[in-house]
>>> print(open('protein35.txt').read())   # compact mmCIF, C-alpha atoms and all ligand atoms
# COMPACT_ATOMS: atom_id res chain seq x y z
CA MET M 1 193.09 33.27 170.44
CA LEU M 2 193.51 30.50 167.87
CA LYS M 3 192.45 32.87 165.14
CA THR M 4 195.50 35.10 165.57
CA LEU M 5 197.74 32.16 164.63
CA GLU M 6 196.21 31.88 161.20
CA ASN M 7 196.44 33.98 158.13
CA GLU M 8 193.02 35.40 157.20
CA ALA M 9 193.17 33.91 153.70
CA VAL M 10 193.92 30.43 155.03
CA LEU M 11 191.04 30.72 157.48
CA MET M 12 188.63 31.81 154.75
CA GLN M 13 189.75 28.97 152.52
CA GLU M 14 189.12 26.46 155.33
CA ALA M 15 185.74 28.04 156.14
CA GLN M 16 184.78 27.71 152.49
CA ARG M 17 185.87 24.07 152.44
CA LEU M 18 183.64 23.42 155.46
CA TYR M 19 180.76 25.41 154.01
CA GLY M 20 180.99 23.39 150.80
CA LEU M 21 180.37 20.29 152.91
CA LEU M 22 177.84 21.71 155.38
CA HIS M 23 175.71 24.24 153.48
CA ALA M 24 172.75 21.84 153.20
CA VAL M 25 173.05 20.62 156.80
CA SER M 26 170.69 21.68 159.61
CA LYS M 27 172.37 23.30 162.60
CA THR M 28 169.17 23.27 164.60
CA LYS M 29 165.68 22.27 163.49
CA ALA M 30 165.15 25.84 162.28
CA ASP M 31 168.45 26.83 160.61
CA LYS M 32 171.32 25.56 158.50
CA TRP M 33 175.10 25.91 158.83
CA THR M 34 176.24 29.29 157.53
CA LEU M 35 179.60 30.52 156.25
CA GLU M 36 179.91 32.47 159.54
CA ASP M 37 179.50 29.22 161.52
CA CYS M 38 182.20 27.67 159.37
CA LEU M 39 184.50 30.64 160.01
CA VAL M 40 184.13 29.99 163.74
CA ALA M 41 184.98 26.30 163.25
CA ALA M 42 187.87 26.88 160.80
CA PRO M 43 190.70 27.72 163.27
CA TYR M 44 189.90 24.54 165.18
CA THR M 45 189.62 22.22 162.18
CA LEU M 46 192.91 23.59 160.80
CA CYS M 47 194.71 23.04 164.11
CA ILE M 48 193.19 19.59 164.71
CA ASN M 49 194.07 18.38 161.23
CA ARG M 50 197.68 19.56 161.65
CA PHE M 51 198.11 18.03 165.12
CA LYS M 52 196.50 14.84 163.88
CA GLN M 53 199.30 14.41 161.33
CA GLU M 54 202.03 15.35 163.81
CA ARG M 55 200.76 12.84 166.37
CA ASN M 56 199.98 10.12 163.81
CA ALA M 57 196.40 10.07 165.10
CA VAL M 58 193.22 8.88 163.45
CA ILE M 59 189.81 10.34 164.29
CA LEU M 60 186.81 8.01 164.21
CA ALA M 61 183.46 9.79 164.52
CA HIS M 62 180.08 8.21 165.06
CA SER M 63 177.43 9.66 162.74
CA TYR M 64 175.56 11.06 165.77
CA THR M 65 178.35 13.52 166.59
CA THR M 66 178.15 17.04 165.18
CA PRO M 67 178.83 17.68 161.47
CA ASP M 68 181.83 19.97 162.12
CA LEU M 69 183.54 16.88 163.61
CA VAL M 70 182.12 14.38 161.13
CA TYR M 71 183.08 16.40 158.04
CA GLY M 72 185.72 18.80 159.38
CA VAL M 73 188.20 16.46 161.06
CA ALA M 74 187.09 12.81 161.08
CA ASP M 75 189.05 10.30 159.03
CA PHE M 76 186.20 7.82 159.21
CA ARG M 77 182.51 8.23 160.03
CA GLY M 78 180.12 5.38 160.57
CA ASP M 79 178.06 3.16 162.82
CA SER M 80 179.32 1.16 165.79
CA TYR M 81 180.36 -1.80 163.66
CA GLU M 82 182.14 0.17 160.93
CA LEU M 83 184.06 2.19 163.52
CA ALA M 84 185.00 -0.91 165.53
CA LEU M 85 186.43 -2.42 162.33
CA LYS M 86 188.39 0.78 161.63
CA ALA M 87 189.71 0.81 165.22
CA ARG M 88 190.75 -2.83 164.93
CA GLU M 89 192.73 -2.35 161.74
CA SER M 90 194.22 1.06 162.59
CA THR M 91 197.99 1.43 162.38
CA ALA M 92 197.96 4.99 163.79
CA ASP M 93 199.68 5.63 167.14
CA VAL M 94 196.61 7.35 168.55
CA ILE M 95 192.90 6.63 168.08
CA ILE M 96 190.58 9.50 168.91
CA PHE M 97 187.06 8.19 169.22
CA ALA M 98 184.38 10.86 168.91
CA GLY M 99 181.49 8.83 170.26
CA VAL M 100 180.44 7.51 173.64
CA TRP M 101 182.49 5.65 176.23
CA PHE M 102 181.53 2.07 175.31
CA MET M 103 182.67 2.71 171.72
CA ALA M 104 186.07 4.07 172.76
CA GLU M 105 186.41 1.26 175.31
CA THR M 106 185.73 -1.30 172.57
CA ALA M 107 188.45 0.33 170.41
CA LYS M 108 190.96 0.00 173.28
CA ILE M 109 190.01 -3.65 173.88
CA ILE M 110 190.49 -4.67 170.25
CA ASN M 111 193.62 -2.59 169.60
CA PRO M 112 195.25 -2.39 173.05
CA SER M 113 198.69 -1.16 171.98
CA LYS M 114 197.19 2.15 170.79
CA LYS M 115 196.58 5.25 172.86
CA VAL M 116 192.80 5.73 172.76
CA PHE M 117 191.23 9.06 173.66
CA ILE M 118 187.62 10.17 173.80
CA PRO M 119 187.07 13.95 173.56
CA ALA M 120 183.76 13.72 175.46
CA GLY M 121 185.36 12.05 178.50
CA LYS M 122 183.17 9.53 180.31
CA ALA M 123 180.17 10.06 178.00
CA GLY M 124 177.62 7.49 179.01
CA CYS M 125 174.75 5.83 177.18
CA THR M 126 171.50 4.94 178.89
CA LEU M 127 171.77 1.41 177.51
CA ALA M 128 175.38 0.80 178.52
CA ASP M 129 174.63 2.28 181.95
CA SER M 130 171.52 0.13 182.49
CA MET M 131 173.18 -3.14 183.41
CA THR M 132 176.04 -4.47 185.51
CA ALA M 133 178.12 -7.63 185.15
CA ALA M 134 176.53 -9.00 188.37
CA GLN M 135 173.07 -8.63 186.81
CA VAL M 136 174.19 -10.58 183.73
CA ARG M 137 175.60 -13.32 185.95
CA THR M 138 172.28 -13.54 187.85
CA LEU M 139 170.31 -13.69 184.59
CA ARG M 140 172.57 -16.40 183.17
CA ALA M 141 172.34 -18.42 186.39
CA LYS M 142 168.52 -18.30 186.07
CA HIS M 143 168.73 -19.58 182.48
CA PRO M 144 171.63 -22.07 182.43
CA GLY M 145 172.87 -23.26 179.05
CA ILE M 146 171.20 -20.46 177.08
CA PRO M 147 173.57 -18.50 174.82
CA ALA M 148 173.93 -14.84 175.76
CA LEU M 149 174.40 -11.98 173.32
CA CYS M 150 175.15 -8.43 174.38
CA TYR M 151 174.53 -5.34 172.34
CA ILE M 152 177.77 -3.40 171.78
CA ASN M 153 176.07 -0.60 173.77
CA SER M 154 177.21 -2.24 177.00
CA SER M 155 180.16 -1.94 179.37
CA ALA M 156 183.31 -4.04 178.99
CA GLU M 157 182.29 -5.86 182.20
CA VAL M 158 178.92 -6.86 180.68
CA LYS M 159 180.61 -7.95 177.43
CA ALA M 160 182.99 -10.09 179.50
CA GLU M 161 179.98 -12.11 180.79
CA CYS M 162 178.50 -12.83 177.34
CA ASP M 163 179.20 -15.29 174.52
CA ALA M 164 179.13 -12.75 171.71
CA CYS M 165 178.65 -9.08 171.14
CA VAL M 166 176.42 -7.68 168.37
CA THR M 167 175.65 -4.30 166.84
CA SER M 168 172.39 -3.02 165.40
CA GLY M 169 173.81 -3.89 161.97
CA ASN M 170 174.37 -7.59 162.63
CA VAL M 171 172.12 -8.47 165.59
CA PHE M 172 169.48 -10.26 163.50
CA ASP M 173 171.97 -12.35 161.49
CA ILE M 174 174.11 -13.30 164.48
CA ALA M 175 171.10 -14.18 166.65
CA GLN M 176 169.78 -16.37 163.86
CA ARG M 177 173.06 -18.31 163.88
CA MET M 178 172.98 -19.00 167.63
CA PRO M 179 172.20 -22.60 168.64
CA GLY M 180 168.89 -23.54 170.29
CA ASP M 181 165.51 -21.91 170.44
CA GLU M 182 166.19 -19.55 173.36
CA LEU M 183 168.54 -16.62 173.61
CA ILE M 184 169.58 -14.07 176.23
CA PHE M 185 169.95 -10.57 174.81
CA VAL M 186 171.06 -7.61 176.96
CA PRO M 187 170.82 -4.71 177.74
CA ASP M 188 168.31 -3.29 175.21
CA MET M 189 164.85 -4.54 176.13
CA LEU M 190 163.19 -2.80 173.16
CA MET M 191 165.66 -4.19 170.65
CA ALA M 192 165.05 -7.61 172.23
CA GLU M 193 161.36 -7.35 171.24
CA ASN M 194 162.32 -6.34 167.71
CA LEU M 195 164.79 -9.22 167.59
CA GLU M 196 162.22 -11.80 168.67
CA ALA M 197 159.78 -10.53 166.02
CA GLU M 198 162.42 -10.53 163.27
CA LEU M 199 163.57 -14.07 164.10
CA LYS M 200 159.95 -15.21 163.84
CA ARG M 201 159.51 -13.37 160.53
CA ARG M 202 162.63 -15.11 159.18
CA GLY M 203 161.21 -18.54 160.08
CA THR M 204 163.84 -19.15 162.81
CA PRO M 205 161.86 -18.29 165.96
CA LYS M 206 163.60 -18.06 169.32
CA LYS M 207 162.42 -16.95 172.72
CA VAL M 208 164.48 -13.85 173.58
CA ILE M 209 165.09 -13.34 177.29
CA SER M 210 166.15 -9.81 178.08
CA SER M 211 166.96 -7.40 180.86
CA GLY M 212 168.46 -3.93 181.07
CA GLY M 213 167.00 -0.67 179.81
CA SER M 214 166.38 1.37 176.68
CA CYS M 215 167.91 4.19 174.67
CA CYS M 216 166.69 7.54 176.00
CA VAL M 217 166.53 8.90 172.43
CA HIS M 218 164.84 6.08 170.53
CA ASP M 219 162.45 4.95 173.27
CA LYS M 220 160.55 8.27 172.91
CA TYR M 221 159.11 7.59 169.46
CA ARG M 222 155.47 6.57 169.21
CA PRO M 223 153.21 5.29 166.38
CA ALA M 224 151.63 8.77 166.27
CA GLN M 225 154.87 10.21 164.83
CA VAL M 226 154.82 7.71 161.96
CA GLU M 227 151.14 8.40 161.29
CA GLN M 228 151.75 12.15 161.34
CA LEU M 229 154.68 11.88 158.91
CA ARG M 230 152.62 9.79 156.49
CA ALA M 231 149.68 12.21 156.69
CA GLN M 232 151.86 15.28 156.16
CA TYR M 233 154.18 13.90 153.45
CA PRO M 234 152.40 11.49 151.09
CA GLY M 235 154.89 8.95 149.67
CA ILE M 236 157.35 9.47 152.54
CA ARG M 237 159.60 6.54 153.54
CA VAL M 238 159.88 6.22 157.30
CA LEU M 239 163.10 4.78 158.74
CA ALA M 240 163.69 3.71 162.35
CA HIS M 241 166.52 2.34 164.45
CA PRO M 242 165.83 -1.05 166.11
CA GLU M 243 166.23 0.66 169.52
CA CYS M 244 162.72 2.08 168.90
CA PRO M 245 159.61 0.44 170.39
CA ILE M 246 158.26 -2.49 168.35
CA GLU M 247 154.89 -0.80 167.74
CA VAL M 248 156.80 2.01 165.97
CA CYS M 249 159.09 -0.32 163.99
CA ARG M 250 156.09 -2.30 162.73
CA LEU M 251 154.80 0.83 160.96
CA CYS M 252 158.10 1.79 159.29
CA ASP M 253 159.43 1.10 155.79
CA TYR M 254 162.90 0.25 157.06
CA VAL M 255 164.33 -0.72 160.45
CA GLY M 256 168.09 -0.94 160.80
CA SER M 257 171.40 0.42 162.00
CA THR M 258 172.54 3.93 161.18
CA LYS M 259 174.69 2.43 158.39
CA GLY M 260 171.64 0.52 157.16
CA MET M 261 169.66 3.77 157.01
CA VAL M 262 172.47 5.51 155.09
CA SER M 263 172.51 2.64 152.55
CA TYR M 264 168.71 2.58 152.30
CA VAL M 265 168.58 6.29 151.42
CA ALA M 266 171.49 6.00 148.97
CA LYS M 267 169.73 3.22 147.06
CA SER M 268 166.21 4.63 147.25
CA PRO M 269 164.67 6.47 144.28
CA ASP M 270 162.37 8.28 146.75
CA HIS M 271 162.76 11.90 147.78
CA THR M 272 161.38 12.32 151.31
CA PHE M 273 162.42 10.33 154.37
CA GLY M 274 161.06 10.43 157.92
CA MET M 275 163.95 9.80 160.30
CA LEU M 276 163.17 8.22 163.68
CA THR M 277 166.70 8.48 164.94
CA GLU M 278 169.25 10.91 166.31
CA PHE M 279 169.77 14.33 164.71
CA GLY M 280 173.40 13.63 163.71
CA LEU M 281 172.33 10.95 161.24
CA VAL M 282 169.85 13.38 159.72
CA ASN M 283 172.74 15.86 159.31
CA ARG M 284 174.86 13.20 157.65
CA LEU M 285 172.14 12.39 155.16
CA GLU M 286 171.55 16.10 154.46
CA ALA M 287 175.26 16.53 153.71
CA GLU M 288 175.41 13.48 151.46
CA HIS M 289 172.03 13.92 149.70
CA PRO M 290 171.34 17.65 149.43
CA ASP M 291 168.70 16.88 146.77
CA LYS M 292 166.58 14.80 149.19
CA GLN M 293 164.36 15.87 152.08
CA PHE M 294 164.71 14.53 155.62
CA VAL M 295 161.95 15.06 158.15
CA TRP M 296 162.98 14.58 161.76
CA PRO M 297 160.42 14.82 164.59
CA PHE M 298 162.98 15.06 167.46
CA GLY M 299 165.76 13.10 169.17
CA VAL M 300 169.17 14.31 170.34
CA CYS M 301 171.73 12.23 172.23
CA SER M 302 173.29 14.57 174.76
CA TYR M 303 176.12 12.07 175.37
CA MET M 304 177.25 12.08 171.73
CA LYS M 305 177.01 15.87 171.61
CA LYS M 306 179.60 16.17 174.40
CA ASN M 307 182.23 15.71 171.69
CA THR M 308 183.26 19.11 170.31
CA LEU M 309 186.05 20.59 168.21
CA ILE M 310 187.43 22.16 171.40
CA ASN M 311 187.76 18.93 173.37
CA THR M 312 189.03 17.11 170.26
CA LEU M 313 191.86 19.64 170.07
CA GLU M 314 192.36 19.20 173.80
CA VAL M 315 193.00 15.43 173.53
CA LEU M 316 195.57 16.07 170.82
CA VAL M 317 197.41 18.63 172.94
CA GLU M 318 197.06 17.35 176.51
CA PRO M 319 194.28 14.88 177.32
CA ARG M 320 192.61 15.07 180.72
CA PRO M 321 192.59 11.79 182.69
CA GLU M 322 188.88 11.18 181.97
CA GLN M 323 189.59 11.41 178.23
CA ILE M 324 192.18 8.62 178.33
CA VAL M 325 190.64 5.20 177.74
CA GLU M 326 191.99 2.33 179.82
CA VAL M 327 190.34 -1.02 180.52
CA ASP M 328 191.19 -3.48 183.29
CA ALA M 329 193.34 -6.23 181.68
CA THR M 330 191.28 -9.21 182.95
CA VAL M 331 187.97 -7.64 181.92
CA ALA M 332 189.46 -6.64 178.54
CA GLU M 333 190.67 -10.18 177.85
CA GLN M 334 187.20 -11.65 178.49
CA ALA M 335 185.33 -8.86 176.69
CA LYS M 336 187.60 -9.25 173.66
CA LYS M 337 186.41 -12.85 173.26
CA ALA M 338 182.80 -11.65 172.87
CA ILE M 339 183.84 -8.90 170.43
CA ASP M 340 186.06 -11.26 168.39
CA LYS M 341 183.14 -13.69 168.22
CA MET M 342 181.08 -10.90 166.66
CA PHE M 343 183.74 -10.26 164.00
CA GLU M 344 183.83 -13.99 163.28
CA LEU M 345 180.03 -14.39 163.07
CA ALA M 346 179.42 -11.15 161.18
CA LYS M 347 181.56 -12.25 158.19
P1 LIG H 401 174.54 2.21 165.30
O1 LIG H 401 175.55 1.15 165.51
O2 LIG H 401 173.38 1.78 164.47
O3 LIG H 401 175.16 3.46 164.76
O4 LIG H 401 173.88 2.56 166.70
C1 LIG H 401 174.59 3.15 167.73
C2 LIG H 401 173.72 3.80 168.69
O5 LIG H 401 174.14 4.18 169.74
C3 LIG H 401 172.34 4.00 168.32
O6 LIG H 401 171.69 4.74 169.29
FE1 LIG H 402 173.18 5.38 173.83
FE2 LIG H 402 170.85 6.14 172.78
FE3 LIG H 402 172.90 7.82 172.81
FE4 LIG H 402 172.91 5.69 171.17
S1 LIG H 402 171.52 7.43 171.09
S2 LIG H 402 174.60 6.40 172.45
S3 LIG H 402 171.87 4.17 172.47
S4 LIG H 402 171.84 6.99 174.61
>>> encode(input="protein35.txt", output="structure tokens")
Amino acid sequence: MLKTLENEAVLMQEAQRLYGLLHAVSKTKADKWTLEDCLVAAPYTLCINRFKQERNAVILAHSYTTPDLVYGVADFRGDSYELALKARESTADVIIFAGVWFMAETAKIINPSKKVFIPAGKAGCTLADSMTAAQVRTLRAKHPGIPALCYINSSAEVKAECDACVTSGNVFDIAQRMPGDELIFVPDMLMAENLEAELKRRGTPKKVISSGGSCCVHDKYRPAQVEQLRAQYPGIRVLAHPECPIEVCRLCDYVGSTKGMVSYVAKSPDHTFGMLTEFGLVNRLEAEHPDKQFVWPFGVCSYMKKNTLINTLEVLVEPRPEQIVEVDATVAEQAKKAIDKMFELAK
């Protein structure tokens, strides 16, 4: 249907633009993006980019979303922290957040006068969905006087109960700056173990009290995957997200946020990288470093993949109620304090 609106030459030009960006990118583990795939995407990217200008909208895409979004229509791509900064400083009328619900919710909290839409609708996250505000209150009551940090992968209600929010990119630095030798960290129990170990390694040990859950993508990695990668690819650098189990992180060359992994690869003289993280980041690295090799055992976030070109176009034309991000004013006011504290401490 969309295709009939476009001149064939314009479509081919757009498909070639996309192919120029995506030719080195894996579509599945077995194949790469083809010109035909780009021809299918082209009518949508053309329409989205036009509507985006008409509506004065900005598209923020997490690196775990699909490469047609990340390279075809996004104005900014990045990790949770980078995208929160972009949302905070945006002067657009509309923010379209291709990510998961807690990310879009954070954007609305820190820039409340904007219309915020999420193409994927109420896309969850096993971490954000693992803990309620009441559970944080109970935990804090059991440990009075202990500062509480929440990972940004949490609901606005959970953020509202904590002293400061953190992302995977600043968790170690912010935790180090917290007073005392004990700390509550929710809701990622695996990251809490990594945090406690890192604080000890830095010579600023703290007991980290945690509760909540784990990421359904990163909690699946095991030491065997690292050993296998090293056996199969001598000289490989293995990178992991701090949502992975500590016994995996201990064996890796680098542990950090998705932005940290992008920077590590950009600076590294090495050629082959084992990626213990979500497929979208592997795609991003393939697009940006076609000369390097990325080996990815497995790991797809079905929540992030709910964002598509079709539902991105939909929010620009007529968003469905579940794609419109609203946050209760009292919760937003409290949660904003924890998020603002992160911006202050992350400087
Ligand atoms: P980053 O902030 O490192 O991109 O992490 C977000 C996330 O959801 C990882 O699973
Ligand atoms: Fe949540 Fe894991 Fe998906 Fe990240 S990859 S959004 S932590 S479920």
>>> residues_near_point(input="protein35.txt", point="(180.8, 11.6, 180.6)", cutoff="10 Å", atoms="all atoms listed in the file", output="list in words")
Val100, Trp101, Ile118, Pro119, Ala120, Gly121, Lys122, Ala123, Gly124, Cys125, Ser302, Tyr303, Met304, Lys306, Asn307, Glu322 and Gln323 of chain M
>>> residues_around(input="protein35.txt", residues="Met131 in chain M", least_positions_apart="6", cutoff="10 Å", atoms="all atoms listed in the file", output="PyMOL selection string")
chain M and resi 154-155+157-158+186-188+211-213
>>> closest_residue(input="protein35.txt", among="M:Ile246, M:Val238, M:Ala98, M:Leu127", to="ligand LIG 401 (chain H)", atoms="only C-alpha atoms and all ligand atoms")
M:Leu127
>>> closest_residue(input="protein35.txt", among="M:Ile184, M:Ile48, M:Val315, M:Val262", to="ligand LIG 401 (chain H)", atoms="only C-alpha atoms and all ligand atoms")
M:Val262
>>> residues_near_ligand(input="protein35.txt", ligand="ligand LIG 401 (chain H)", cutoff="6 Å", atoms="only C-alpha atoms and all ligand atoms", output="number ranges by chain")
M: 79-81, 167-168, 257-258
>>> atom_distance(input="protein35.txt", atom1="CA of Leu35 in chain M", atom2="CA of Glu8 in chain M")
14.3 Å
>>> atom_distance(input="protein35.txt", atom1="CA of Glu278 in chain M", atom2="CA of Asp163 in chain M")
29.2 Å
>>> residues_around(input="protein35.txt", residues="range 228-235 of chain M", least_positions_apart="5", cutoff="8 Å", atoms="all atoms listed in the file", output="ChimeraX atom specification")
/M:272,274,295
>>> closest_residue(input="protein35.txt", among="M:Thr126, M:Asn170, M:Ser113, M:Ser63", to="ligand LIG 402 (chain H)", atoms="only C-alpha atoms and all ligand atoms")
M:Thr126
>>> closest_residue(input="protein35.txt", among="M:His289, M:His241, M:Arg55, M:Lys115", to="ligand LIG 402 (chain H)", atoms="all atoms listed in the file")
M:His241
>>> residues_around(input="protein35.txt", residues="Met12 in chain M", least_positions_apart="4", cutoff="12 Å", atoms="all atoms listed in the file", output="list in words")
Lys3, Glu6, Asn7, Glu8, Gln16, Arg17, Leu18, Tyr19, Leu35, Glu36, Asp37, Cys38, Leu39, Val40, Ala41, Ala42, Pro43 and Leu46 of chain M
>>> residues_around(input="protein35.txt", residues="Phe117 in chain M", least_positions_apart="4", cutoff="8 Å", atoms="only C-alpha atoms", output="MDAnalysis selection string")
chainID M and resid 94:97 104 315 319 323:325
>>> atom_distance(input="protein35.txt", atom1="CA of Thr308 in chain M", atom2="CA of Pro112 in chain M")
24.8 Å
>>> residues_near_point(input="protein35.txt", point="(196.5, 21.7, 170.3)", cutoff="10 Å", atoms="all atoms listed in the file", output="list of chain:residue names")
M:Leu2, M:Tyr44, M:Cys47, M:Ile48, M:Asn49, M:Arg50, M:Phe51, M:Lys52, M:Ile310, M:Asn311, M:Thr312, M:Leu313, M:Glu314, M:Val315, M:Leu316, M:Val317, M:Glu318
>>> axis_aligned_box(input="protein35.txt", around="range 137-147 of chain M", padding_each_side="4 Å", output="lines of an AutoDock Vina configuration file")
center_x = 172.1
center_y = -18.3
center_z = 181.3
size_x = 15.1
size_y = 17.9
size_z = 21.0
